[in-house]
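Undergrad: The following block contains the structure, expressed as structure tokens.
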Amino acid sequence: MSLVNLTVNGRAISANIEPRQHLGDFLRENLLLTATHLGCEHGVCGACTVLIDGAPARSCIAFPAALEGARITTLEGLADDPVAAELREAFTVEHGLQCGFCTPGMLMMARDIVLRRPGAGEEAIRHELAGNLCRCTGYVGIVRAVESVAARHAGAAPVVTRGTEVAPSAFVSPLTLPVAGTLVSKQAQDAVTPKAAPAASADISFETLHNPVRMTQHFEVPAPLGEVWNVFQQPEKVVACLPGARLTAPTDGRSFEAEMGVKLGPMAATFRGAGTIMADEATLSGIIRGQGVDGRSASRVRAELTYRLAPLQDGSATAVAVEIAYELKGPLAQMSRGTIARDLAGRLTEIFAANLAAALTGVPAASKPAALDGGALFLAMLKGFFLRLFRRG
Amino acid sequence: MKAARFDYHRPADLTAALTGLGAAGGKPLSGGQSLGPMLNLRLARPAALVDVGRLAELRRVEERADGVLYGAAITHAEIEDGAVPDPTGGILPAIASGIAYRAVRNRGTMGGSLAHADPAADWPTTLAALGAIIHLTALTGPRESRVPDLIRGAFDTTLEEGEIISGIFVPRLSPDARWGYRKSCRKVGEFAEAMAAVLIDPPRNIARLVIGATETRHLVLEGRDIEDSAVLDAALAGIGIAADPARARLFRAVVADALSAAQTSHVSA
Ligand SMILES: Cc1cc2nc3c(=O)[nH]c(=O)nc-3n(C[C@H](O)[C@H](O)[C@H](O)COP(=O)(O)OP(=O)(O)OC[C@H]3O[C@@H](n4cnc5c(N)ncnc54)[C@H](O)[C@@H]3O)c2cc1C
Ligand code: FES
Ligand code: FES
């Protein structure tokens with residue numbers, strides 16, 4: 001808990017706040033100021049927009065613990081604001097809302113646009129409002145409403161709202177008085193790591209991957225075909241070649257349960273899940289499928305690794321072709337936009353091939369990490385990549 | 001969608017911040033516009049955040065004859081609004097105004113954007129093209145780096161544990177420098193799917209093309225290479241973009257647009 005002093009809608013507030021509580025939750029849950037809506041909670045939708053020191057900001061990704069001394073204005077605090085009053089009227093006239101979920105954020109942004117860009121036209125307003133999503137109106141009414149108010153202010157001197165004072169409104173919701181800002185201490189509560197239930201392999205249903213990222217890699221292993229084939233039939237061996245991965249349960253040779261850690265800069269996920277191995281000896285090929293969930297971020301990964309072997313030279317070496325298709329969903333895909341792993345494919349395959357060769361020849365893999373641009377981060381990203389490949393696979 | 005528990009520290013000065021970061025699990029917090037989402041999505045679970053966003057050392061701006069040194073915690077909006085000097089004749093404010101949305105720009109910082117190293121972010125590509133020098137500080141002392149050396153891959157930098165970005169020096173452009181910048185986004189304020197920046201500054205002997213949103217490190221071409229489509233194709237192939245014809249076409253188009261913008265648009269330095 002940190003003791004934080006803030007001014008909210010003109011009133012001084014001191015409260016003990018958990019650093020992890022974001023401003024939107026603090027306003028709604030501790031101060032009962034529920035005009036601030038929470039949609040996405042990761043900065044994308046704009047529903048939670050409030051003014052911090054006069055300028056609009058996302059309250060879902062601002063933490064009161066880091067806002068010591070800041071002045072916060074919520075929509076309640078704009079009850080008497082002249083521009084907000086004009087906007088309310090215009091939103092009514094132009095049908096600028098239906099369900100009203102986006103409206104508090106829209107009004108916050110709209111007030112800023114009118115002040116900062118008086119006279120702004122439709123195009124400018126659409127650009128400025130691009131960070132506020134509305135599921136209902138189709139935006140036409142909202143844009144018209146803002147345009148009509150901005151037009152009335154045309155010619156006014158632009159005001160950069162950063163650092164400006166917002167006069168507190170006379171109206172204060174009785175619910176919010178007196179403001180105590182108390183929080184039940186959750187100290188006693190142990191940090192519980194949700195256990196991702198690894199799907200028992202029997203329950204795994206492998207749907208086709210939708211629009212997966214696909215890549216193909218070829219490499220050679222200095223071992224006869226039969227030995228390489230055998231490795232691919234043993235989940236524990238395949239998994240051991242993947243950096244950062246391990247089996248979480250004994251395998252029957254056809255299905256497996258495993259986990260794999262991924263690190264992407266500051267982001268980290270541990271996928272746990274299950275997979276199956278299918279092989280067709282006649283065509284010297286097979287498919288390893290898997291899927292996993294990161295219990296903490298709820299990111300999901302599904303992958304399919306198709307391999308095909310061919311004898312090389314006098315039979316002392318084997319050519320391996322792998323096609324990897326994977327699909328990453330959830331928060332990690334959102335933050336990394338799902339495709340980041342692609343550029344690691346080559347280097348990961350290098351590690352995999354090296355590990356595979358080492359496993360087959362008994363020689364420990366040369367410490368590839370150093371050659372791979374250094375840094376545990378990078379190595380960890382490689383793991384992630386494989387993870388994606390194999391986790392599902 | 002709630003962050004896991006973390007401790008929060010607001011050190012009084014830079015030395016205290018660096019010392020605080022040395023403590024186990026500490027991560028710098030600047031504007032929180034990338035870290036906030038990662039915390040809420042529980043993709044990042046640092047034990048502690050060390051707030052560097054309000055450190056005086058990271059909030060100062062120093063105008064010099066040859067350029068401007070920005071503290072790392074200068075926000076996108078401050079640059080957009082011209083609240084700080086600009087040695088690029090309008091390039092920096094224009095780029096800033098195209099980042100995310102105003103509510104994000106009010107808090108997001110240049111230093112945070114570089115440290116986050118999203119390949120599709122606007123500052124890394126822009127600052128690489130402008131030849132910015134990144135100032136880094138750790139308890140062991142300061143060092144300087146160029147963007148292409150700082151960012152070695154997607155979300156991956158050469159920042160050491162406990163090291164922070166303290167400032168960004170942007171060199172002053174010649175009066176007849178030319179600039180082109182294009183990005184392709186599905187929606188205003190979304191991260192780009194392809195981006196390119198071109199700086200042509202003959203008196204300073206610079207012709208540079210930087211390609212971002214590559215999903216890996218930036219591509220940097222210099223001199224004659226920037227107009228050479230064979231070199232471009234090879235570079236795109238080298239990072240796997242050629243494998244997807246639609247993406248390769250998009251990158252070629254964005255590069256061509258940026259190049260032609262740089263033929264015509266003189267910066268007003
Ligand atoms: C909806 C949305 C859309 C966006 N769209 C775009 C866009 O189109 N283009 C774009 O470029 N950006 C975009 N961004 C990102 C935005 O620009 C962020 O502000 C920026 O990437 C991070 O800056 P920050 O100051 O908020 O850093 P923070 O979120 O505080 O930190 C980001 C990372 O950098 C580290 N860090 C911060 N400061 C330092 C420092 N001084 N030294 C070392 N490490 C440090 C942190 O530990 C963290 O890992 C968007 C963000 C959102 C929420
Ligand atoms: S809830 Fe904050 S931006 Fe969506
Ligand atoms: S009115 Fe329903 S989301 Fe905008």
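Ordering of the structure tokens sets the chain letters (A, B, ...), residue numbers begin anew at 1 in every chain, and ligands are numbered from 1 in the order given.
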Counting only C-alpha atoms and all ligand atoms, which protein, DNA or RNA residues come within 7 Å of ligand 3, given as a list in words?

TA: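 Checked against 7 Å with only C-alpha atoms and all ligand atoms; the hits are Leu97, Gln98, Cys99, Gly100, Phe101, Cys102, Thr103, Leu133, Cys134, Arg135, Cys136 and Thr137 of chain A.
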
Undergrad: Counting only C-alpha atoms and all ligand atoms, which protein, DNA or RNA residues come within 6 Å of ligand 2, given as number ranges by chain?

TA: A: 38-48, 58-60

Undergrad: List every residue of chain B that has an atom at most 7 Å from any atom of ligand 1, and for each one report the closest atom pair and its distance in Å to one decimal, counting only C-alpha atoms and all ligand atoms, with rows sorted by chain and then by increasing residue number, as a tab-separated table.

TA:
```
residue	atom	partner	partner_atom_place_in_ligand_line	distance
B:Lys27	CA	ligand 1	47 (O)	4.7
B:Pro28	CA	ligand 1	47 (O)	4.0
B:Leu29	CA	ligand 1	30 (O)	4.1
B:Ser30	CA	ligand 1	30 (O)	3.4
B:Gly31	CA	ligand 1	25 (O)	3.4
B:Gly32	CA	ligand 1	29 (O)	3.3
B:Gln33	CA	ligand 1	26 (O)	3.4
B:Ser34	CA	ligand 1	29 (O)	3.5
B:Leu35	CA	ligand 1	29 (O)	3.6
B:Gly36	CA	ligand 1	29 (O)	5.9
B:Pro37	CA	ligand 1	53 (C)	6.7
B:Val52	CA	ligand 1	41 (N)	6.2
B:Ala72	CA	ligand 1	41 (N)	5.4
B:Ala73	CA	ligand 1	41 (N)	6.5
B:Gly98	CA	ligand 1	8 (O)	6.9
B:Ile99	CA	ligand 1	9 (N)	4.3
B:Ala100	CA	ligand 1	5 (N)	3.5
B:Tyr101	CA	ligand 1	3 (C)	6.6
B:Val104	CA	ligand 1	53 (C)	5.9
B:Arg105	CA	ligand 1	19 (O)	6.4
B:Arg107	CA	ligand 1	26 (O)	6.2
B:Gly108	CA	ligand 1	19 (O)	3.1
B:Thr109	CA	ligand 1	25 (O)	3.6
B:Met110	CA	ligand 1	23 (O)	6.2
B:Gly111	CA	ligand 1	41 (N)	4.9
B:Gly112	CA	ligand 1	27 (O)	3.5
B:Ser113	CA	ligand 1	21 (O)	3.6
B:Ala115	CA	ligand 1	34 (O)	4.3
B:His116	CA	ligand 1	33 (C)	4.1
B:Ala120	CA	ligand 1	11 (O)	6.7
B:Ala121	CA	ligand 1	11 (O)	3.2
B:Asp122	CA	ligand 1	11 (O)	3.9
B:Trp123	CA	ligand 1	11 (O)	5.7
B:Glu163	CA	ligand 1	43 (C)	6.5
B:Ile164	CA	ligand 1	42 (N)	3.4
B:Ile165	CA	ligand 1	42 (N)	3.8
B:Ser166	CA	ligand 1	41 (N)	5.6
B:Gly189	CA	ligand 1	8 (O)	4.7
B:Glu190	CA	ligand 1	8 (O)	4.8
B:Phe191	CA	ligand 1	8 (O)	4.1
B:Ala192	CA	ligand 1	8 (O)	6.5
```

Undergrad: How close does each residue of chain A get to chain B, giving the shortest atom pair and distance in Å to one decimal for every residue with an atom at most 7 Å away, counting only C-alpha atoms, sorted by chain and residue number, as a tab-separated table?

TA:
```
residue	atom	partner	partner_atom	distance
A:Pro19	CA	B:Tyr8	CA	6.0
A:Arg20	CA	B:Arg5	CA	5.5
A:Glu41	CA	B:Met1	CA	6.3
A:His42	CA	B:Pro37	CA	4.3
A:Gly43	CA	B:Pro37	CA	6.5
A:Ala55	CA	B:Asn106	CA	6.9
A:Pro56	CA	B:Ala103	CA	4.9
A:Ala57	CA	B:Ala103	CA	4.2
A:Arg58	CA	B:Ala103	CA	6.2
A:Ile61	CA	B:Gly36	CA	4.6
A:Ala62	CA	B:Gly32	CA	6.8
A:His127	CA	B:Val188	CA	6.5
A:Glu128	CA	B:Tyr101	CA	6.9
A:Ala130	CA	B:Val188	CA	6.0
A:Gly131	CA	B:Tyr101	CA	5.5
A:Leu264	CA	B:Phe155	CA	6.3
A:Gly265	CA	B:Phe155	CA	4.8
A:Pro266	CA	B:Ala44	CA	5.7
A:Met267	CA	B:Leu43	CA	4.7
A:Ala268	CA	B:Leu43	CA	5.5
A:Ala269	CA	B:Leu43	CA	6.5
A:Arg296	CA	B:Arg42	CA	6.3
A:Ser297	CA	B:Arg42	CA	5.2
A:Pro331	CA	B:Leu41	CA	6.1
A:Leu332	CA	B:Leu43	CA	6.8
A:Thr339	CA	B:Glu215	CA	6.9
A:Ile340	CA	B:Glu215	CA	5.0
A:Asp343	CA	B:Thr216	CA	6.1
```

Undergrad: Mind checking DSSP for region 35-233 of chain B and telling me the strand (DSSP E or B) residues as number ranges by chain?

TA: B: 48-51, 61-64, 67-71, 75, 109, 133-138, 141-146, 151-153, 156-157, 164-171, 178-184, 194-201, 206-212, 219-222

Undergrad: Would you return as number ranges by chain the members of region 262-344 of chain A that DSSP assigns to helix (DSSP H, G or I) on this structure's backbone?

TA: A: 281-283, 331-336, 340-344

Undergrad: Those residues with N, CA, C and O atoms, as a PDB file, in the first residue's frame please?

TA:
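File produced: result02.pdb:
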```pdb
ATOM      1  N   GLU A 281       5.166 -44.103 -41.243  1.00  0.00           N
ATOM      2  CA  GLU A 281       6.503 -44.583 -41.567  1.00  0.00           C
ATOM      3  C   GLU A 281       6.677 -44.761 -43.079  1.00  0.00           C
ATOM      4  O   GLU A 281       7.769 -44.589 -43.605  1.00  0.00           O
ATOM      5  N   ALA A 282       5.581 -45.075 -43.765  1.00  0.00           N
ATOM      6  CA  ALA A 282       5.678 -45.301 -45.202  1.00  0.00           C
ATOM      7  C   ALA A 282       6.181 -44.058 -45.929  1.00  0.00           C
ATOM      8  O   ALA A 282       6.977 -44.159 -46.860  1.00  0.00           O
ATOM      9  N   THR A 283       5.734 -42.893 -45.484  1.00  0.00           N
ATOM     10  CA  THR A 283       6.167 -41.671 -46.167  1.00  0.00           C
ATOM     11  C   THR A 283       7.269 -40.956 -45.385  1.00  0.00           C
ATOM     12  O   THR A 283       7.656 -39.839 -45.720  1.00  0.00           O
ATOM     13  N   PRO A 331      -3.815 -12.184 -25.085  1.00  0.00           N
ATOM     14  CA  PRO A 331      -3.030 -10.988 -24.800  1.00  0.00           C
ATOM     15  C   PRO A 331      -1.648 -10.972 -25.456  1.00  0.00           C
ATOM     16  O   PRO A 331      -1.221  -9.946 -25.966  1.00  0.00           O
ATOM     17  N   LEU A 332      -0.964 -12.100 -25.431  1.00  0.00           N
ATOM     18  CA  LEU A 332       0.390 -12.084 -25.985  1.00  0.00           C
ATOM     19  C   LEU A 332       0.349 -11.803 -27.483  1.00  0.00           C
ATOM     20  O   LEU A 332       1.161 -11.051 -28.011  1.00  0.00           O
ATOM     21  N   ALA A 333      -0.624 -12.364 -28.155  1.00  0.00           N
ATOM     22  CA  ALA A 333      -0.773 -12.116 -29.588  1.00  0.00           C
ATOM     23  C   ALA A 333      -1.089 -10.643 -29.812  1.00  0.00           C
ATOM     24  O   ALA A 333      -0.592 -10.015 -30.746  1.00  0.00           O
ATOM     25  N   GLN A 334      -1.892 -10.101 -28.909  1.00  0.00           N
ATOM     26  CA  GLN A 334      -2.297  -8.716 -29.061  1.00  0.00           C
ATOM     27  C   GLN A 334      -1.093  -7.783 -28.912  1.00  0.00           C
ATOM     28  O   GLN A 334      -0.895  -6.874 -29.691  1.00  0.00           O
ATOM     29  N   MET A 335      -0.301  -8.029 -27.885  1.00  0.00           N
ATOM     30  CA  MET A 335       0.832  -7.143 -27.636  1.00  0.00           C
ATOM     31  C   MET A 335       1.924  -7.339 -28.680  1.00  0.00           C
ATOM     32  O   MET A 335       2.603  -6.404 -29.041  1.00  0.00           O
ATOM     33  N   SER A 336       2.108  -8.572 -29.126  1.00  0.00           N
ATOM     34  CA  SER A 336       3.194  -8.793 -30.078  1.00  0.00           C
ATOM     35  C   SER A 336       2.642  -8.852 -31.490  1.00  0.00           C
ATOM     36  O   SER A 336       3.361  -9.082 -32.425  1.00  0.00           O
ATOM     37  N   ILE A 340       5.544 -11.717 -34.287  1.00  0.00           N
ATOM     38  CA  ILE A 340       6.920 -11.405 -33.946  1.00  0.00           C
ATOM     39  C   ILE A 340       7.853 -12.609 -34.042  1.00  0.00           C
ATOM     40  O   ILE A 340       9.012 -12.493 -34.374  1.00  0.00           O
ATOM     41  N   ALA A 341       7.316 -13.762 -33.755  1.00  0.00           N
ATOM     42  CA  ALA A 341       8.171 -14.937 -33.666  1.00  0.00           C
ATOM     43  C   ALA A 341       8.775 -15.340 -35.002  1.00  0.00           C
ATOM     44  O   ALA A 341       9.746 -16.064 -35.065  1.00  0.00           O
ATOM     45  N   ARG A 342       8.180 -14.857 -36.050  1.00  0.00           N
ATOM     46  CA  ARG A 342       8.595 -15.298 -37.373  1.00  0.00           C
ATOM     47  C   ARG A 342      10.102 -15.161 -37.618  1.00  0.00           C
ATOM     48  O   ARG A 342      10.748 -16.051 -38.131  1.00  0.00           O
ATOM     49  N   ASP A 343      10.644 -14.024 -37.179  1.00  0.00           N
ATOM     50  CA  ASP A 343      12.041 -13.785 -37.527  1.00  0.00           C
ATOM     51  C   ASP A 343      12.981 -14.656 -36.704  1.00  0.00           C
ATOM     52  O   ASP A 343      14.166 -14.688 -36.931  1.00  0.00           O
ATOM     53  N   LEU A 344      12.438 -15.348 -35.730  1.00  0.00           N
ATOM     54  CA  LEU A 344      13.293 -16.189 -34.909  1.00  0.00           C
ATOM     55  C   LEU A 344      13.342 -17.620 -35.429  1.00  0.00           C
ATOM     56  O   LEU A 344      14.122 -18.432 -34.972  1.00  0.00           O
TER      57      LEU A 344
END
```
